[in-house]
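K.L.:
Contents of start-v6.tsv (TSV, C-alpha atoms):
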chain	number	residue	atom	x	y	z
A	1	MET	CA	0.71	74.89	14.41
A	2	SER	CA	0.29	74.64	10.66
A	3	GLY	CA	2.32	76.51	8.02
A	4	LYS	CA	3.13	75.96	4.40
A	5	VAL	CA	5.85	74.52	2.18
A	6	THR	CA	6.42	75.36	-1.49
A	7	LEU	CA	8.81	73.25	-3.55
A	8	VAL	CA	10.15	73.98	-7.02
A	9	VAL	CA	10.72	70.67	-8.79
A	10	HIS	CA	13.13	71.62	-11.56
A	11	SER	CA	15.05	68.36	-11.80
A	12	GLY	CA	13.64	65.27	-13.47
A	13	ASP	CA	16.27	62.98	-11.91
A	14	MET	CA	14.72	60.00	-10.17
A	15	ASP	CA	16.54	60.54	-6.87
A	16	LYS	CA	15.56	64.21	-6.76
A	17	ILE	CA	11.91	63.43	-7.54
A	18	TYR	CA	12.08	61.04	-4.56
A	19	SER	CA	13.50	63.78	-2.33
A	20	ALA	CA	10.83	66.24	-3.44
A	21	LEU	CA	7.93	63.82	-2.93
A	22	ILE	CA	9.26	62.59	0.42
A	23	ILE	CA	9.62	66.16	1.72
A	24	GLY	CA	6.19	67.08	0.31
A	25	ASN	CA	4.50	64.06	1.89
A	26	GLY	CA	6.39	64.57	5.14
A	27	ALA	CA	5.21	68.18	5.41
A	28	LEU	CA	1.58	67.21	4.65
A	29	SER	CA	1.85	64.46	7.27
A	30	MET	CA	3.04	66.97	9.85
A	31	GLY	CA	-0.05	69.09	9.19
A	32	MET	CA	1.35	71.65	6.74
A	33	ASP	CA	-0.02	72.79	3.38
A	34	VAL	CA	2.21	71.95	0.43
A	35	SER	CA	2.48	73.16	-3.15
A	36	MET	CA	4.89	71.61	-5.63
A	37	PHE	CA	5.68	73.68	-8.70
A	38	PHE	CA	6.90	71.40	-11.51
A	39	THR	CA	9.04	73.07	-14.15
A	40	PHE	CA	11.61	72.14	-16.85
A	41	TRP	CA	12.88	68.55	-16.42
A	42	GLY	CA	10.68	68.12	-13.37
A	43	LEU	CA	7.55	68.77	-15.43
A	44	GLN	CA	8.58	66.02	-17.86
A	45	ARG	CA	8.06	63.54	-15.02
A	46	LEU	CA	4.35	64.45	-15.00
A	47	ILE	CA	3.97	63.25	-18.59
A	48	LYS	CA	1.87	60.06	-18.58
A	49	GLY	CA	4.11	57.05	-17.90
A	50	ALA	CA	7.24	59.15	-17.24
A	51	LEU	CA	7.28	59.43	-13.44
A	52	GLU	CA	9.84	56.66	-12.88
A	53	LYS	CA	11.74	57.33	-16.11
A	54	GLY	CA	14.31	59.86	-14.87
A	55	PRO	CA	18.01	58.97	-14.57
A	56	LEU	CA	19.99	59.24	-11.34
A	57	SER	CA	21.58	62.64	-10.70
A	58	ARG	CA	24.91	60.86	-10.09
A	59	MET	CA	26.32	57.42	-10.92
A	60	ASN	CA	23.55	56.69	-13.41
A	61	LEU	CA	26.07	54.69	-15.50
A	62	LEU	CA	23.76	54.52	-18.52
A	63	GLY	CA	21.00	53.19	-16.32
A	64	LEU	CA	23.01	50.51	-14.53
A	65	GLY	CA	23.44	52.66	-11.42
A	66	LYS	CA	19.73	53.43	-11.43
A	67	TRP	CA	18.88	49.75	-11.76
A	68	MET	CA	21.16	48.89	-8.84
A	69	LEU	CA	19.72	51.65	-6.65
A	70	LYS	CA	16.19	50.52	-7.48
A	71	GLN	CA	17.05	46.97	-6.38
A	72	LYS	CA	18.43	48.32	-3.09
A	73	MET	CA	15.38	50.52	-2.57
A	74	LYS	CA	13.06	47.60	-3.20
A	75	LYS	CA	14.95	45.53	-0.65
A	76	ALA	CA	14.76	48.38	1.88
A	77	GLY	CA	10.99	48.64	1.33
A	78	VAL	CA	11.02	52.17	-0.10
A	79	ALA	CA	7.64	53.21	-1.55
A	80	SER	CA	7.32	53.72	-5.32
A	81	LEU	CA	7.13	57.21	-6.80
A	82	GLN	CA	3.58	56.33	-7.96
A	83	LYS	CA	2.49	55.70	-4.38
A	84	LEU	CA	4.19	58.85	-3.11
A	85	LEU	CA	2.54	60.98	-5.80
A	86	ARG	CA	-0.90	59.45	-5.14
A	87	ASP	CA	-0.48	59.94	-1.37
A	88	PHE	CA	0.61	63.54	-1.94
A	89	VAL	CA	-2.60	64.32	-3.82
A	90	GLU	CA	-4.76	62.31	-1.39
A	91	LEU	CA	-3.35	64.30	1.55
A	92	GLY	CA	-4.36	67.55	-0.14
A	93	GLY	CA	-1.03	68.54	-1.71
A	94	LYS	CA	-1.24	70.88	-4.71
A	95	ILE	CA	0.58	70.17	-7.96
A	96	LEU	CA	1.30	73.20	-10.09
A	97	ALA	CA	2.48	72.79	-13.69
A	98	CYS	CA	4.63	75.41	-15.41
A	99	ASP	CA	2.84	76.51	-18.59
A	100	MET	CA	5.99	78.10	-20.05
A	101	THR	CA	7.79	74.73	-19.93
A	102	MET	CA	4.79	73.18	-21.67
A	103	LYS	CA	5.07	75.72	-24.47
A	104	VAL	CA	8.87	75.43	-24.82
A	105	MET	CA	8.87	71.64	-24.78
A	106	GLY	CA	5.67	71.21	-26.76
A	107	ILE	CA	3.90	69.39	-23.93
A	108	LYS	CA	0.10	69.44	-24.14
A	109	LYS	CA	-2.37	69.18	-21.27
A	110	GLU	CA	-3.50	65.81	-22.56
A	111	ASP	CA	0.12	64.53	-22.43
A	112	LEU	CA	0.23	65.23	-18.69
A	113	ARG	CA	-1.42	63.51	-15.73
A	114	ASP	CA	-4.07	66.17	-15.72
A	115	ASP	CA	-6.13	64.46	-12.97
A	116	LEU	CA	-3.32	65.16	-10.48
A	117	ILE	CA	-2.58	68.75	-11.50
A	118	SER	CA	-4.32	71.51	-9.53
A	119	LYS	CA	-3.30	74.39	-11.76
A	120	TYR	CA	-1.39	75.37	-14.90
A	121	CYS	CA	0.47	78.56	-14.10
A	122	ALA	CA	3.67	80.58	-14.15
A	123	VAL	CA	6.22	82.30	-11.92
A	124	GLY	CA	3.69	84.72	-10.44
A	125	THR	CA	1.81	81.83	-8.86
A	126	TYR	CA	5.05	80.35	-7.53
A	127	ILE	CA	5.99	83.67	-5.90
A	128	LYS	CA	2.51	84.09	-4.45
A	129	GLU	CA	2.69	80.58	-2.97
A	130	ALA	CA	6.31	80.98	-1.79
A	131	ARG	CA	5.54	84.31	-0.14
A	132	GLU	CA	2.90	82.61	2.01
A	133	SER	CA	5.29	79.77	2.86
A	134	ASP	CA	7.49	79.04	5.85
A	135	ILE	CA	9.74	76.75	3.83
A	136	THR	CA	10.58	76.85	0.13
A	137	LEU	CA	13.09	74.64	-1.67
A	138	PHE	CA	14.44	74.42	-5.20
A	139	ILE	CA	15.02	70.79	-6.17
B	1	MET	CA	-15.87	55.90	18.79
B	2	ALA	CA	-14.00	53.80	16.26
B	3	GLU	CA	-10.51	52.41	16.48
B	4	ILE	CA	-8.44	52.48	13.28
B	5	LYS	CA	-5.40	50.21	12.98
B	6	VAL	CA	-2.49	51.07	10.70
B	7	ASP	CA	0.12	48.38	10.02
B	8	CYS	CA	3.48	49.85	8.99
B	9	ILE	CA	5.68	46.86	9.77
B	10	ASN	CA	8.71	46.84	7.43
B	11	GLU	CA	7.71	50.19	5.92
B	12	THR	CA	10.30	52.94	5.80
B	13	CYS	CA	10.43	56.74	5.45
B	14	PRO	CA	8.03	58.42	4.74
B	15	VAL	CA	5.35	55.71	4.68
B	16	PRO	CA	4.62	55.35	8.45
B	17	LEU	CA	4.18	59.12	8.76
B	18	VAL	CA	2.05	59.31	5.60
B	19	GLU	CA	-0.16	56.34	6.51
B	20	THR	CA	-0.68	57.80	9.99
B	21	ARG	CA	-1.76	61.11	8.44
B	22	LYS	CA	-4.11	59.37	6.01
B	23	ALA	CA	-5.75	57.47	8.89
B	24	ILE	CA	-6.08	60.66	10.97
B	25	ARG	CA	-7.74	62.45	8.05
B	26	LYS	CA	-10.30	59.67	7.71
B	27	ALA	CA	-10.96	59.43	11.47
B	28	LEU	CA	-13.75	61.33	13.17
B	29	LYS	CA	-13.22	63.45	16.25
B	30	GLY	CA	-12.72	61.14	19.23
B	31	ASP	CA	-11.63	58.14	17.14
B	32	ILE	CA	-8.42	56.35	18.04
B	33	VAL	CA	-5.69	55.62	15.50
B	34	GLU	CA	-3.21	52.89	16.41
B	35	VAL	CA	-0.05	52.63	14.33
B	36	VAL	CA	2.36	49.72	14.56
B	37	GLY	CA	5.79	49.73	12.91
B	38	ASN	CA	9.50	49.08	13.18
B	39	HIS	CA	11.06	52.10	11.38
B	40	SER	CA	12.89	53.66	14.32
B	41	SER	CA	12.80	57.35	13.28
B	42	SER	CA	9.03	57.17	12.84
B	43	LYS	CA	8.67	56.32	16.53
B	44	GLU	CA	10.04	59.80	17.27
B	45	GLU	CA	8.49	61.59	14.30
B	46	ILE	CA	4.88	60.40	14.50
B	47	PRO	CA	4.57	61.97	18.00
B	48	MET	CA	6.08	65.19	16.53
B	49	ALA	CA	3.36	65.22	13.87
B	50	VAL	CA	0.69	64.50	16.51
B	51	LYS	CA	1.90	67.46	18.55
B	52	ALA	CA	2.10	69.74	15.49
B	53	MET	CA	-1.52	68.92	14.62
B	54	GLY	CA	-2.71	69.42	18.20
B	55	LEU	CA	-3.96	65.85	18.61
B	56	LYS	CA	-3.76	63.68	21.70
B	57	LEU	CA	-0.89	61.21	22.02
B	58	LEU	CA	-2.28	58.40	24.16
B	59	SER	CA	0.73	56.10	24.33
B	60	VAL	CA	4.01	55.03	22.76
B	61	GLU	CA	5.21	51.51	23.54
B	62	GLU	CA	8.02	49.42	22.15
B	63	GLU	CA	8.79	45.73	22.37
B	64	ASP	CA	11.53	43.89	20.43
B	65	GLY	CA	11.96	46.78	18.01
B	66	VAL	CA	8.25	47.01	17.20
B	67	TRP	CA	6.56	50.19	18.38
B	68	ARG	CA	2.88	50.89	18.89
B	69	ILE	CA	1.60	54.47	18.94
B	70	ARG	CA	-1.95	55.37	19.93
B	71	ILE	CA	-3.44	58.72	18.92
B	72	GLN	CA	-6.83	60.26	19.59
B	73	LYS	CA	-8.32	62.69	17.10
As structure tokens, please, write out the structure in this file.
P.N.:
Amino acid sequence: MSGKVTLVVHSGDMDKIYSALIIGNGALSMGMDVSMFFTFWGLQRLIKGALEKGPLSRMNLLGLGKWMLKQKMKKAGVASLQKLLRDFVELGGKILACDMTMKVMGIKKEDLRDDLISKYCAVGTYIKEARESDITLFI
Amino acid sequence: MAEIKVDCINETCPVPLVETRKAIRKALKGDIVEVVGNHSSSKEEIPMAVKAMGLKLLSVEEEDGVWRIRIQK
């Protein structure tokens, strides 16, 4: 049993980046192939130093809600986004970066964590990957 | 045949599953991976991953909330 998962990471919210990376790592750990297609606000999280910088999707309260959630997560022993992203790549997960978002937002290759990115591409690649997948999610 | 130990005490989702997978990837065929942890869902889910990857689940034991899972690659 193998299979494949393709995730669209559209949101740059911290909690949604967590969900995406947890699902991605979970699928790799269960023996599946995984591609994550980062676009729009999601792609901004791949800018150097920006991974943990997203707000919460709800109850951010100008950062206070995020701070409180981070304290609770630390207490509960939740892994950092850095660890989850490193593990994702180590387990063979593919990170795809949307080149249209780069153009629109003026993001250059050298602004991004290029060492982690497998490919710079567009919707055609997402559809090709999604078509081969058993599971695809838009986050 | 080597034995690889993975300590996931006090780790939570998805770390026990991920660390188990990382150890399995590094193991050679025939090696044994032993994972110890106390995240309750992982006790059910690591065997699911073992089955999905067609590996051999040697044992699952639990004592005082700490489980020990042994897998052969």
K.L.:
Please determine the contact residues of chain B with respect to chain A at a cut-off of 9 Å, counting all atoms listed in the file, and supply them as a VMD selection string.
P.N.:
chain B and resid 10 to 15 17 to 22 25 45 to 46 48 to 54
K.L.:
Those selected residues, please, written with C-alpha atoms and delivered as a PDB file, in the frame of the given file.
P.N.:
ATOM      1  CA  ASN B  10       8.710  46.840   7.430  1.00  0.00           C
ATOM      2  CA  GLU B  11       7.710  50.190   5.920  1.00  0.00           C
ATOM      3  CA  THR B  12      10.300  52.940   5.800  1.00  0.00           C
ATOM      4  CA  CYS B  13      10.430  56.740   5.450  1.00  0.00           C
ATOM      5  CA  PRO B  14       8.030  58.420   4.740  1.00  0.00           C
ATOM      6  CA  VAL B  15       5.350  55.710   4.680  1.00  0.00           C
ATOM      7  CA  LEU B  17       4.180  59.120   8.760  1.00  0.00           C
ATOM      8  CA  VAL B  18       2.050  59.310   5.600  1.00  0.00           C
ATOM      9  CA  GLU B  19      -0.160  56.340   6.510  1.00  0.00           C
ATOM     10  CA  THR B  20      -0.680  57.800   9.990  1.00  0.00           C
ATOM     11  CA  ARG B  21      -1.760  61.110   8.440  1.00  0.00           C
ATOM     12  CA  LYS B  22      -4.110  59.370   6.010  1.00  0.00           C
ATOM     13  CA  ARG B  25      -7.740  62.450   8.050  1.00  0.00           C
ATOM     14  CA  GLU B  45       8.490  61.590  14.300  1.00  0.00           C
ATOM     15  CA  ILE B  46       4.880  60.400  14.500  1.00  0.00           C
ATOM     16  CA  MET B  48       6.080  65.190  16.530  1.00  0.00           C
ATOM     17  CA  ALA B  49       3.360  65.220  13.870  1.00  0.00           C
ATOM     18  CA  VAL B  50       0.690  64.500  16.510  1.00  0.00           C
ATOM     19  CA  LYS B  51       1.900  67.460  18.550  1.00  0.00           C
ATOM     20  CA  ALA B  52       2.100  69.740  15.490  1.00  0.00           C
ATOM     21  CA  MET B  53      -1.520  68.920  14.620  1.00  0.00           C
ATOM     22  CA  GLY B  54      -2.710  69.420  18.200  1.00  0.00           C
TER      23      GLY B  54
END
K.L.:
Quick one: residues within 12 Å of Ile135 (chain A), all atoms listed in the file, excluding same-chain residues fewer than 3 positions away - as a list in words?
P.N.:
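Skipping anything fewer than 3 positions along the chain leaves Ser2, Gly3, Lys4, Val5, Thr6, Leu7, Val8, Ile23, Gly24, Ala27, Met32, Asp33, Val34, Ser35, Met36, Glu129, Ala130, Arg131, Glu132 and Phe138 of chain A.
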K.L.:
So the first atom is CA of Met14 (chain A) and the second is CA of Lys72 (chain A); what is the distance between them in Å, to one decimal place?
P.N.:
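Computed distance, CA of Met14 (chain A) to CA of Lys72 (chain A), equals 14.2 Å.
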K.L.:
Which residues come within 9 Å of Leu28 (chain B), counting all atoms listed in the file, excluding same-chain residues fewer than 6 positions away, as a list in words?
P.N.:
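Neighbouring residues, sequence-local ones excluded: Met1, Ala2 and Lys73 of chain B.
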K.L.:
For region 63-73 of chain B, I'd like the enclosing box, axis-aligned and padded by 5 Å on every side, reported as JSON with centre and edge lengths in Å to one decimal.
P.N.:
{"center_x": 1.8, "center_y": 53.3, "center_z": 19.7, "size_x": 30.3, "size_y": 28.8, "size_z": 15.3}
K.L.:
Find the residues near Met105 (chain A): any atom within 9 Å, counting only C-alpha atoms, skip ones fewer than 5 places away on the same chain, and give them as a list in words.
P.N.:
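Here the qualifying residues turn out to be Phe40, Gln44 and Met100 of chain A.
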K.L.:
If I only have part of region 30-63 of chain A, can you fill in N, CA and C atoms and write it as a CSV table (one decimal), in the coordinates of the input?
P.N.:
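Written file, out_39.csv:
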chain,number,residue,atom,x,y,z
A,30,MET,N,2.8,66.2,8.6
A,30,MET,CA,3.0,67.0,9.8
A,30,MET,C,2.0,68.1,9.9
A,31,GLY,N,1.0,68.1,9.1
A,31,GLY,CA,0.0,69.1,9.2
A,31,GLY,C,0.1,70.4,8.4
A,32,MET,N,1.1,70.4,7.5
A,32,MET,CA,1.4,71.6,6.7
A,32,MET,C,0.6,71.6,5.4
A,33,ASP,N,0.5,72.7,4.8
A,33,ASP,CA,0.0,72.8,3.4
A,33,ASP,C,1.2,72.7,2.5
A,34,VAL,N,1.1,72.1,1.3
A,34,VAL,CA,2.2,72.0,0.4
A,34,VAL,C,1.8,72.2,-1.0
A,35,SER,N,2.6,73.0,-1.7
A,35,SER,CA,2.5,73.2,-3.2
A,35,SER,C,3.8,72.7,-3.8
A,36,MET,N,3.7,72.0,-4.9
A,36,MET,CA,4.9,71.6,-5.6
A,36,MET,C,4.7,72.2,-7.0
A,37,PHE,N,5.7,73.0,-7.4
A,37,PHE,CA,5.7,73.7,-8.7
A,37,PHE,C,6.6,72.9,-9.6
A,38,PHE,N,6.1,72.2,-10.6
A,38,PHE,CA,6.9,71.4,-11.5
A,38,PHE,C,7.3,72.2,-12.7
A,39,THR,N,8.6,72.3,-13.0
A,39,THR,CA,9.0,73.1,-14.2
A,39,THR,C,10.2,72.4,-14.8
A,40,PHE,N,10.5,72.8,-16.1
A,40,PHE,CA,11.6,72.1,-16.8
A,40,PHE,C,11.6,70.6,-16.8
A,41,TRP,N,12.8,70.0,-16.4
A,41,TRP,CA,12.9,68.6,-16.4
A,41,TRP,C,11.9,67.9,-15.4
A,42,GLY,N,11.6,68.6,-14.4
A,42,GLY,CA,10.7,68.1,-13.4
A,42,GLY,C,9.3,67.9,-14.0
A,43,LEU,N,8.9,68.9,-14.8
A,43,LEU,CA,7.6,68.8,-15.4
A,43,LEU,C,7.5,67.5,-16.3
A,44,GLN,N,8.6,67.2,-17.0
A,44,GLN,CA,8.6,66.0,-17.9
A,44,GLN,C,8.2,64.7,-17.1
A,45,ARG,N,8.4,64.7,-15.8
A,45,ARG,CA,8.1,63.5,-15.0
A,45,ARG,C,6.5,63.4,-14.8
A,46,LEU,N,5.8,64.5,-15.1
A,46,LEU,CA,4.4,64.4,-15.0
A,46,LEU,C,3.7,64.1,-16.3
A,47,ILE,N,4.5,63.8,-17.3
A,47,ILE,CA,4.0,63.2,-18.6
A,47,ILE,C,3.5,61.8,-18.3
A,48,LYS,N,2.4,61.4,-18.8
A,48,LYS,CA,1.9,60.1,-18.6
A,48,LYS,C,2.9,59.0,-18.8
A,49,GLY,N,3.2,58.2,-17.8
A,49,GLY,CA,4.1,57.0,-17.9
A,49,GLY,C,5.6,57.4,-17.7
A,50,ALA,N,5.8,58.7,-17.3
A,50,ALA,CA,7.2,59.2,-17.2
A,50,ALA,C,7.8,59.3,-15.8
A,51,LEU,N,6.9,59.1,-14.8
A,51,LEU,CA,7.3,59.4,-13.4
A,51,LEU,C,8.6,58.7,-13.0
A,52,GLU,N,8.7,57.5,-13.3
A,52,GLU,CA,9.8,56.7,-12.9
A,52,GLU,C,11.0,56.7,-13.9
A,53,LYS,N,10.8,57.4,-15.0
A,53,LYS,CA,11.7,57.3,-16.1
A,53,LYS,C,13.0,58.2,-16.0
A,54,GLY,N,13.1,59.0,-15.0
A,54,GLY,CA,14.3,59.9,-14.9
A,54,GLY,C,15.6,59.1,-14.5
A,55,PRO,N,16.7,59.6,-15.0
A,55,PRO,CA,18.0,59.0,-14.6
A,55,PRO,C,18.4,59.3,-13.1
A,56,LEU,N,19.5,58.8,-12.6
A,56,LEU,CA,20.0,59.2,-11.3
A,56,LEU,C,20.8,60.5,-11.6
A,57,SER,N,20.8,61.4,-10.6
A,57,SER,CA,21.6,62.6,-10.7
A,57,SER,C,23.1,62.4,-10.7
A,58,ARG,N,23.5,61.3,-10.1
A,58,ARG,CA,24.9,60.9,-10.1
A,58,ARG,C,25.0,59.4,-10.2
A,59,MET,N,26.1,58.9,-10.8
A,59,MET,CA,26.3,57.4,-10.9
A,59,MET,C,25.2,56.7,-11.7
A,60,ASN,N,24.6,57.4,-12.7
A,60,ASN,CA,23.6,56.7,-13.4
A,60,ASN,C,24.1,55.5,-14.2
A,61,LEU,N,25.4,55.7,-14.7
A,61,LEU,CA,26.1,54.7,-15.5
A,61,LEU,C,25.2,54.1,-16.6
A,62,LEU,N,24.6,54.9,-17.4
A,62,LEU,CA,23.8,54.5,-18.5
A,62,LEU,C,22.6,53.7,-18.0
A,63,GLY,N,22.2,53.9,-16.8
A,63,GLY,CA,21.0,53.2,-16.3
A,63,GLY,C,21.4,52.0,-15.4
